[in-house]
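Enquirer: What follows is a structure written as structure tokens; I'll ask about it next.
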Amino acid sequence: MGTMADRRPYIAANWKMHKTIAEAERFLDAFLPAVEPLVESVDVVLCPPFLALQTTVEACRGKRIGVAAQNAHEQAEGAFTGEVSLAMLAETGVSGVILGHSERRQLFAETDEALARKLPAALAAGLEPILCVGESESEREAGETEAVLKRQLDADLAGLGDDQLGEIVIAYEPIWAIGTGRTATTDQAAETIAVIRAQIAERDAAAAAATRILYGGSVKPANAAELLAQPDIDGALVGGASLDPEDFLAIVAAAATV
Ligand code: PEP
């Protein structure tokens with residue numbers, strides 16, 4: 001297995017349906033100058049809503065900061081009212097796309113079958129997928145966490161060749177910890193990420209050692225350092241605390257010091 005040293009820390013900001021273009025510009029004005037010394041050692045990725053992507057890409061040009069969308073349709077084009085294709089996203093200059101966020105799965109009926117098509121389509125479009133997986137509270141309490149993650153990973157990664165597994169980023173996001181202020185304990189997060197890594201290793205050990213696996217769920221400046229110090233936790237997908245430039249900067253700074 002690879003060591004943490006092989007995997008650069010990766011901190012992503014999921015803004016969800018927050019920030020107009022003007023609000024994104026205000027964040028970028030405050031955040032970009034301050035984060036500059038940290039991007040030498042941390043991969044930083046901003047995930048604004050679709051309409052703020054172009055502005056964010058332009059502001060981040062030449063700055064070693066990634067920009068990712070929060071969803072995409074898997075088809076190249078067609079009668080899919082309200083959807084956005086991967087080619088449309090790639091044209092804006094984004095570097096990646098979040099896929100399978102639990103809010104997409106729960107509120108918008110995103111299926112594992114669709115994700116199996118979205119992942120290879122994203123790689124074909126030159127975008128880095130950030131695949132989100134995670135169990136609900138009742139699934140954890142029933143002792144089903146490992147089985148749920150295996151089911152999600154088997155289904156969602158079905159369209160990728162073993163040689164492509166190392167090209168994606170995975171975010172382990174226990175649904176009960178998202179936006180609730182209830183963080184998984186450091187041990188829970190590290191143990192579950194180790195389970196995910198072992199499941200990927202069943203298909204390809206080298207890919208499993210290379211794949212960044214993030215934790216997401218109420219990561220804040222106050223708990224980031226402890227979580228990120230775990231060798232198996234390669235970074236964080238941050239929702240609420242990524243909306244404020246100082247809070248998000250503090251989380252990136254925590255990643256830079258581990
Ligand atoms: C998320 O939705 O990806 C997330 C982790 O949200 P929060 O940090 O607000 O729990």
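Chain lettering (A, B, ...) mirrors the order of the structure tokens, residue numbering begins at 1 for each chain separately, and ligand numbering begins at 1 in order of display.
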Within 6 Å of ligand 1, which residues of chain A show up? Give each one with its shortest atom-to-atom distance in Å (one decimal) and the two atoms involved, counting only C-alpha atoms and all ligand atoms, rows by chain then rising residue number, as JSON lines.
Expert:
{"residue": "A:Asn14", "atom": "CA", "partner": "ligand 1", "partner_atom_place_in_ligand_line": "3 (O)", "distance": 5.7}
{"residue": "A:Ala177", "atom": "CA", "partner": "ligand 1", "partner_atom_place_in_ligand_line": "10 (O)", "distance": 5.9}
{"residue": "A:Ile178", "atom": "CA", "partner": "ligand 1", "partner_atom_place_in_ligand_line": "10 (O)", "distance": 3.3}
{"residue": "A:Gly179", "atom": "CA", "partner": "ligand 1", "partner_atom_place_in_ligand_line": "10 (O)", "distance": 3.6}
{"residue": "A:Gly216", "atom": "CA", "partner": "ligand 1", "partner_atom_place_in_ligand_line": "5 (C)", "distance": 4.0}
{"residue": "A:Gly217", "atom": "CA", "partner": "ligand 1", "partner_atom_place_in_ligand_line": "10 (O)", "distance": 3.7}
{"residue": "A:Ser218", "atom": "CA", "partner": "ligand 1", "partner_atom_place_in_ligand_line": "10 (O)", "distance": 3.5}
{"residue": "A:Val219", "atom": "CA", "partner": "ligand 1", "partner_atom_place_in_ligand_line": "8 (O)", "distance": 5.2}
{"residue": "A:Leu237", "atom": "CA", "partner": "ligand 1", "partner_atom_place_in_ligand_line": "5 (C)", "distance": 5.3}
{"residue": "A:Val238", "atom": "CA", "partner": "ligand 1", "partner_atom_place_in_ligand_line": "8 (O)", "distance": 4.2}
{"residue": "A:Gly239", "atom": "CA", "partner": "ligand 1", "partner_atom_place_in_ligand_line": "6 (O)", "distance": 3.4}
{"residue": "A:Gly240", "atom": "CA", "partner": "ligand 1", "partner_atom_place_in_ligand_line": "9 (O)", "distance": 3.7}
Enquirer: Near Thr192 of chain A, counting only C-alpha atoms, which residues have an atom at most 12 Å away, once you skip same-chain residues fewer than 2 positions from it, shown as a PyMOL selection string?
Expert: chain A and resi 133-135+140+144-150+171-174+184-190+194-199+213-216+230+232-233
Enquirer: Please dump the current selection as a tab-separated table (two decimals), in the first residue's frame; keep N, CA and C atoms.
Expert:
chain	number	residue	atom	x	y	z
A	133	VAL	N	-19.67	8.79	-1.45
A	133	VAL	CA	-20.38	7.60	-0.95
A	133	VAL	C	-20.57	7.78	0.55
A	134	GLY	N	-21.54	7.05	1.11
A	134	GLY	CA	-21.74	7.15	2.56
A	134	GLY	C	-23.05	6.54	2.97
A	135	GLU	N	-23.09	6.13	4.24
A	135	GLU	CA	-24.26	5.43	4.77
A	135	GLU	C	-25.17	6.40	5.53
A	140	ARG	N	-25.95	2.80	9.54
A	140	ARG	CA	-24.83	2.64	10.47
A	140	ARG	C	-25.28	1.91	11.72
A	144	GLU	N	-24.71	-1.87	8.93
A	144	GLU	CA	-24.66	-2.13	7.49
A	144	GLU	C	-23.68	-1.24	6.73
A	145	THR	N	-22.90	-0.44	7.46
A	145	THR	CA	-22.06	0.56	6.79
A	145	THR	C	-21.18	-0.07	5.71
A	146	GLU	N	-20.49	-1.15	6.08
A	146	GLU	CA	-19.55	-1.76	5.14
A	146	GLU	C	-20.26	-2.29	3.90
A	147	ALA	N	-21.42	-2.91	4.12
A	147	ALA	CA	-22.18	-3.47	2.99
A	147	ALA	C	-22.72	-2.37	2.09
A	148	VAL	N	-23.17	-1.27	2.69
A	148	VAL	CA	-23.70	-0.16	1.90
A	148	VAL	C	-22.59	0.43	1.03
A	149	LEU	N	-21.41	0.64	1.64
A	149	LEU	CA	-20.31	1.22	0.88
A	149	LEU	C	-19.87	0.28	-0.24
A	150	LYS	N	-19.84	-1.00	0.05
A	150	LYS	CA	-19.44	-1.96	-0.98
A	150	LYS	C	-20.43	-1.93	-2.14
A	171	ALA	N	-14.99	10.71	-1.87
A	171	ALA	CA	-15.31	11.38	-0.60
A	171	ALA	C	-16.22	10.47	0.21
A	172	TYR	N	-15.74	10.08	1.38
A	172	TYR	CA	-16.60	9.33	2.30
A	172	TYR	C	-17.40	10.34	3.13
A	173	GLU	N	-18.70	10.36	2.90
A	173	GLU	CA	-19.55	11.33	3.59
A	173	GLU	C	-20.71	10.63	4.27
A	174	PRO	N	-20.56	10.28	5.55
A	174	PRO	CA	-21.69	9.68	6.26
A	174	PRO	C	-22.85	10.68	6.28
A	184	ALA	N	-18.28	12.66	12.20
A	184	ALA	CA	-17.85	11.31	12.57
A	184	ALA	C	-16.63	11.46	13.48
A	185	THR	N	-16.46	10.55	14.43
A	185	THR	CA	-15.24	10.62	15.22
A	185	THR	C	-14.06	10.35	14.29
A	186	THR	N	-12.90	10.80	14.71
A	186	THR	CA	-11.71	10.58	13.89
A	186	THR	C	-11.52	9.09	13.63
A	187	ASP	N	-11.78	8.27	14.66
A	187	ASP	CA	-11.63	6.82	14.47
A	187	ASP	C	-12.64	6.28	13.48
A	188	GLN	N	-13.90	6.73	13.61
A	188	GLN	CA	-14.93	6.26	12.67
A	188	GLN	C	-14.57	6.63	11.23
A	189	ALA	N	-14.13	7.87	11.05
A	189	ALA	CA	-13.80	8.33	9.70
A	189	ALA	C	-12.61	7.53	9.15
A	190	ALA	N	-11.57	7.39	9.96
A	190	ALA	CA	-10.37	6.70	9.50
A	190	ALA	C	-10.64	5.22	9.22
A	194	ALA	N	-10.54	3.37	5.57
A	194	ALA	CA	-9.69	2.19	5.37
A	194	ALA	C	-10.49	1.06	4.73
A	195	VAL	N	-11.77	0.94	5.12
A	195	VAL	CA	-12.65	-0.07	4.51
A	195	VAL	C	-12.82	0.22	3.02
A	196	ILE	N	-13.05	1.49	2.70
A	196	ILE	CA	-13.22	1.88	1.28
A	196	ILE	C	-11.95	1.56	0.51
A	197	ARG	N	-10.80	1.89	1.10
A	197	ARG	CA	-9.53	1.64	0.40
A	197	ARG	C	-9.33	0.14	0.18
A	198	ALA	N	-9.72	-0.66	1.17
A	198	ALA	CA	-9.57	-2.12	1.02
A	198	ALA	C	-10.51	-2.63	-0.07
A	199	GLN	N	-11.69	-2.03	-0.17
A	199	GLN	CA	-12.62	-2.48	-1.21
A	199	GLN	C	-12.09	-2.14	-2.60
A	213	ILE	N	-8.78	9.59	-0.74
A	213	ILE	CA	-10.10	9.37	-0.13
A	213	ILE	C	-10.28	10.44	0.95
A	214	LEU	N	-11.29	11.28	0.73
A	214	LEU	CA	-11.55	12.41	1.61
A	214	LEU	C	-12.62	12.04	2.63
A	215	TYR	N	-12.64	12.78	3.73
A	215	TYR	CA	-13.77	12.71	4.64
A	215	TYR	C	-14.63	13.96	4.46
A	216	GLY	N	-15.94	13.80	4.51
A	216	GLY	CA	-16.84	14.95	4.49
A	216	GLY	C	-17.95	14.77	5.49
A	230	GLN	N	-4.91	11.83	10.39
A	230	GLN	CA	-5.02	10.38	10.21
A	230	GLN	C	-4.40	9.98	8.87
A	232	ASP	N	-4.95	7.63	6.81
A	232	ASP	CA	-5.85	7.18	5.75
A	232	ASP	C	-6.77	8.29	5.24
A	233	ILE	N	-6.88	9.41	5.98
A	233	ILE	CA	-7.78	10.50	5.55
A	233	ILE	C	-6.95	11.49	4.73
Enquirer: Determine which residues of segment 9-206 of chain A DSSP labels as strand (DSSP E) from the backbone of this structure, then write them out as JSON, numbers by chain.
Expert: {"A": [10, 11, 12, 13, 14, 43, 44, 45, 46, 47, 65, 66, 67, 68, 69, 96, 97, 98, 99, 128, 129, 130, 131, 132, 133, 169, 170, 171, 172]}
Enquirer: Can you write just those residues out, C-alpha atoms, as a CSV table (one decimal), in the first residue's frame?
Expert:
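Full text of part.csv as output:
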chain,number,residue,atom,x,y,z
A,10,TYR,CA,-6.9,17.5,-1.1
A,11,ILE,CA,-9.4,20.0,0.3
A,12,ALA,CA,-12.6,20.8,-1.7
A,13,ALA,CA,-15.2,23.4,-1.0
A,14,ASN,CA,-18.8,22.3,-1.9
A,43,ASP,CA,-4.6,20.5,-3.7
A,44,VAL,CA,-7.4,23.1,-3.3
A,45,VAL,CA,-10.6,22.7,-5.3
A,46,LEU,CA,-13.6,25.1,-5.3
A,47,CYS,CA,-17.0,23.7,-6.3
A,65,ILE,CA,-6.5,25.9,-7.7
A,66,GLY,CA,-9.0,23.4,-9.1
A,67,VAL,CA,-12.6,24.3,-9.9
A,68,ALA,CA,-15.2,21.5,-10.0
A,69,ALA,CA,-18.9,21.4,-10.8
A,96,GLY,CA,-13.5,18.2,-12.1
A,97,VAL,CA,-17.0,17.4,-11.0
A,98,ILE,CA,-18.6,16.1,-7.8
A,99,LEU,CA,-20.7,13.0,-8.6
A,128,GLU,CA,-11.6,14.5,-12.4
A,129,PRO,CA,-14.6,13.0,-10.7
A,130,ILE,CA,-15.1,13.4,-6.9
A,131,LEU,CA,-17.3,10.4,-6.1
A,132,CYS,CA,-19.3,10.7,-2.9
A,133,VAL,CA,-20.4,7.6,-1.0
A,169,VAL,CA,-11.1,11.1,-5.9
A,170,ILE,CA,-13.5,9.5,-3.4
A,171,ALA,CA,-15.3,11.4,-0.6
A,172,TYR,CA,-16.6,9.3,2.3
Enquirer: Skip Ala250 of chain A itself and residues of its chain fewer than 2 positions away, then list as a short mmCIF file (atom, residue, chain, number, x, y, z; two decimals) with N, CA, C and O atoms, in the first residue's frame all residues within 10 Å of it, counting only C-alpha atoms.
Expert:
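File part.cif, as written:
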data_model
loop_
_atom_site.label_atom_id
_atom_site.label_comp_id
_atom_site.auth_asym_id
_atom_site.auth_seq_id
_atom_site.Cartn_x
_atom_site.Cartn_y
_atom_site.Cartn_z
N VAL A 35 -4.61 32.12 0.19
CA VAL A 35 -4.35 30.67 0.07
C VAL A 35 -3.06 30.40 -0.72
O VAL A 35 -2.52 29.29 -0.68
N LYS A 220 -14.83 21.41 10.20
CA LYS A 220 -14.73 22.82 10.63
C LYS A 220 -13.27 23.12 10.94
O LYS A 220 -12.47 22.19 11.14
N PRO A 221 -12.92 24.41 11.07
CA PRO A 221 -11.54 24.72 11.48
C PRO A 221 -11.16 24.01 12.78
O PRO A 221 -10.02 23.57 12.95
N ALA A 222 -12.11 23.84 13.69
CA ALA A 222 -11.79 23.27 15.00
C ALA A 222 -11.50 21.76 14.97
O ALA A 222 -10.82 21.25 15.85
N ALA A 224 -10.60 20.03 11.92
CA ALA A 224 -9.91 19.62 10.68
C ALA A 224 -8.55 18.99 10.97
O ALA A 224 -8.20 17.95 10.40
N ALA A 225 -7.77 19.59 11.85
CA ALA A 225 -6.39 19.12 12.05
C ALA A 225 -6.37 17.68 12.54
O ALA A 225 -5.58 16.86 12.07
N ALA A 241 -18.65 25.03 6.18
CA ALA A 241 -17.47 25.82 6.58
C ALA A 241 -16.66 26.31 5.38
O ALA A 241 -15.69 27.05 5.56
N SER A 242 -17.06 25.91 4.16
CA SER A 242 -16.33 26.40 2.99
C SER A 242 -16.92 27.70 2.45
O SER A 242 -16.37 28.29 1.52
N PRO A 245 -14.49 32.55 3.68
CA PRO A 245 -13.10 32.41 3.23
C PRO A 245 -12.13 32.14 4.38
O PRO A 245 -11.19 31.35 4.21
N GLU A 246 -12.36 32.74 5.54
CA GLU A 246 -11.42 32.52 6.65
C GLU A 246 -11.52 31.11 7.19
O GLU A 246 -10.51 30.47 7.51
N ASP A 247 -12.76 30.61 7.33
CA ASP A 247 -12.93 29.25 7.83
C ASP A 247 -12.31 28.24 6.86
O ASP A 247 -11.62 27.30 7.28
N PHE A 248 -12.58 28.43 5.56
CA PHE A 248 -12.06 27.46 4.59
C PHE A 248 -10.54 27.54 4.54
O PHE A 248 -9.86 26.51 4.47
N VAL A 252 -7.70 24.55 4.98
CA VAL A 252 -6.59 24.30 4.06
C VAL A 252 -5.26 24.39 4.82
O VAL A 252 -4.35 23.56 4.63
N ALA A 253 -5.17 25.36 5.73
CA ALA A 253 -3.93 25.52 6.52
C ALA A 253 -3.69 24.29 7.39
O ALA A 253 -2.54 23.85 7.55
N ALA A 254 -4.76 23.72 7.93
CA ALA A 254 -4.62 22.50 8.74
C ALA A 254 -4.07 21.38 7.89
O ALA A 254 -3.23 20.58 8.34
N ALA A 255 -4.54 21.27 6.64
CA ALA A 255 -4.04 20.22 5.74
C ALA A 255 -2.57 20.44 5.41
O ALA A 255 -1.82 19.49 5.22
N ALA A 256 -2.16 21.70 5.34
CA ALA A 256 -0.78 22.01 4.96
C ALA A 256 0.21 21.67 6.07
O ALA A 256 1.39 21.47 5.81
#
Enquirer: Which residue is closest to Leu227 of chain A? Choose from A:Thr211, A:Thr183, A:Thr56, A:Thr92 and count only C-alpha atoms.
Expert: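 When distances to Leu227 of chain A are compared using only C-alpha atoms, the smallest one comes from A:Thr183.
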Enquirer: Tell me, which residues of segment 46-235 of chain A carry DSSP helix (DSSP H, G or I), written as a ChimeraX atom specification?
Expert: /A:50-60,86-92,102-107,112-124,137-141,145-156,162-167,175-177,186-203,205-210,221-228
Enquirer: Which neighbours of Ala52 of chain A fall inside 10 Å, counting only C-alpha atoms, when residues of the same chain fewer than 4 positions from it are skipped, and could you give them as a ChimeraX atom specification?
Expert: /A:18-25,47-48,56-57,69
Enquirer: Would you mind telling me which residue in A:Lys118, A:Arg64, A:Arg151, A:Arg212 lies nearest to Asp6 of chain A when using only C-alpha atoms?
Expert: A:Arg212
Enquirer: Just want the 12 Å neighbourhood of Leu119 of chain A, counted on only C-alpha atoms, with same-chain residues fewer than 2 positions away dropped. Output as a ChimeraX atom specification.
Expert: /A:71-75,86,96-100,112-117,121-132,153,155-161,164-165,167-170
Enquirer: Only C-alpha atoms, please: the residues just picked out, written as a PDB file, in the first residue's frame.
Expert:
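The file below, part.pdb, is the result:
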ATOM      1  CA  ASN A  71     -23.103  17.500 -10.878  1.00  0.00           C
ATOM      2  CA  ALA A  72     -23.334  16.752 -14.598  1.00  0.00           C
ATOM      3  CA  HIS A  73     -25.466  14.715 -16.975  1.00  0.00           C
ATOM      4  CA  GLU A  74     -23.836  11.649 -18.486  1.00  0.00           C
ATOM      5  CA  GLN A  75     -25.175  12.076 -22.044  1.00  0.00           C
ATOM      6  CA  LEU A  86     -19.692  17.247 -19.180  1.00  0.00           C
ATOM      7  CA  GLY A  96     -13.472  18.232 -12.069  1.00  0.00           C
ATOM      8  CA  VAL A  97     -16.996  17.387 -11.013  1.00  0.00           C
ATOM      9  CA  ILE A  98     -18.587  16.116  -7.809  1.00  0.00           C
ATOM     10  CA  LEU A  99     -20.682  13.038  -8.573  1.00  0.00           C
ATOM     11  CA  GLY A 100     -23.147  11.170  -6.381  1.00  0.00           C
ATOM     12  CA  ASP A 112     -25.965   4.132  -8.922  1.00  0.00           C
ATOM     13  CA  GLU A 113     -26.755   3.154 -12.530  1.00  0.00           C
ATOM     14  CA  ALA A 114     -26.487   6.785 -13.635  1.00  0.00           C
ATOM     15  CA  LEU A 115     -23.245   7.161 -11.671  1.00  0.00           C
ATOM     16  CA  ALA A 116     -21.776   4.116 -13.403  1.00  0.00           C
ATOM     17  CA  ARG A 117     -22.231   6.045 -16.660  1.00  0.00           C
ATOM     18  CA  ALA A 121     -17.986  10.030 -19.145  1.00  0.00           C
ATOM     19  CA  ALA A 122     -16.345  12.535 -16.778  1.00  0.00           C
ATOM     20  CA  LEU A 123     -12.893  11.001 -17.310  1.00  0.00           C
ATOM     21  CA  ALA A 124     -13.473  10.952 -21.079  1.00  0.00           C
ATOM     22  CA  ALA A 125     -14.266  14.680 -20.886  1.00  0.00           C
ATOM     23  CA  GLY A 126     -10.974  15.252 -19.056  1.00  0.00           C
ATOM     24  CA  LEU A 127     -12.621  15.998 -15.713  1.00  0.00           C
ATOM     25  CA  GLU A 128     -11.601  14.537 -12.355  1.00  0.00           C
ATOM     26  CA  PRO A 129     -14.618  12.955 -10.658  1.00  0.00           C
ATOM     27  CA  ILE A 130     -15.061  13.368  -6.903  1.00  0.00           C
ATOM     28  CA  LEU A 131     -17.344  10.422  -6.110  1.00  0.00           C
ATOM     29  CA  CYS A 132     -19.317  10.702  -2.861  1.00  0.00           C
ATOM     30  CA  LEU A 153     -18.626   1.375  -4.837  1.00  0.00           C
ATOM     31  CA  ALA A 155     -22.166  -0.167  -8.686  1.00  0.00           C
ATOM     32  CA  ASP A 156     -20.744   3.333  -9.147  1.00  0.00           C
ATOM     33  CA  LEU A 157     -17.298   2.157 -10.310  1.00  0.00           C
ATOM     34  CA  ALA A 158     -18.667  -0.557 -12.602  1.00  0.00           C
ATOM     35  CA  GLY A 159     -18.057   1.510 -15.739  1.00  0.00           C
ATOM     36  CA  LEU A 160     -14.378   2.161 -15.000  1.00  0.00           C
ATOM     37  CA  GLY A 161     -11.473  -0.044 -15.928  1.00  0.00           C
ATOM     38  CA  GLN A 164      -8.890   4.237 -14.248  1.00  0.00           C
ATOM     39  CA  LEU A 165      -9.566   3.764 -10.530  1.00  0.00           C
ATOM     40  CA  GLU A 167      -7.783   8.797 -11.528  1.00  0.00           C
ATOM     41  CA  ILE A 168     -10.743   9.529  -9.299  1.00  0.00           C
ATOM     42  CA  VAL A 169     -11.136  11.092  -5.883  1.00  0.00           C
ATOM     43  CA  ILE A 170     -13.541   9.524  -3.402  1.00  0.00           C
TER      44      ILE A 170
END
